[in-house]
Amino acid sequence: MKLTKEEIKHIADLARLELTDDELKKYGSQLSAVLNYINQLKEVDTTDIEPTAQVTGLENALREDVKEDWDKREGQEAFRQAPELESGQIKVKRVL
């Protein structure tokens, strides 16, 4: 599947990439090759194949969360080592 220069620019804009003309040409041909490979995969007959999410046979090893209370000395030591406290709690950087 050959992509036009306008389609490649549009994809780059969606990805918030500012590409030079050389990069548009380079990545455009690479993206076209990937799409051609995907089209080849679409031709494979998978009617009798059961869908799978993973093939390694591994399973998640989960355990129940158990709350364990610290003794007062352990709690004080943890708060003493915290870089910053706010309203009696350890303040950490926001995780997005």
# chains A, B, ... in the order shown; residues from 1 in each chain; ligands from 1
>>> select_by_dssp(residues="chain A", states="helix (DSSP H, G or I)", output="ChimeraX atom specification")
/A:5-14,21-42,72-81
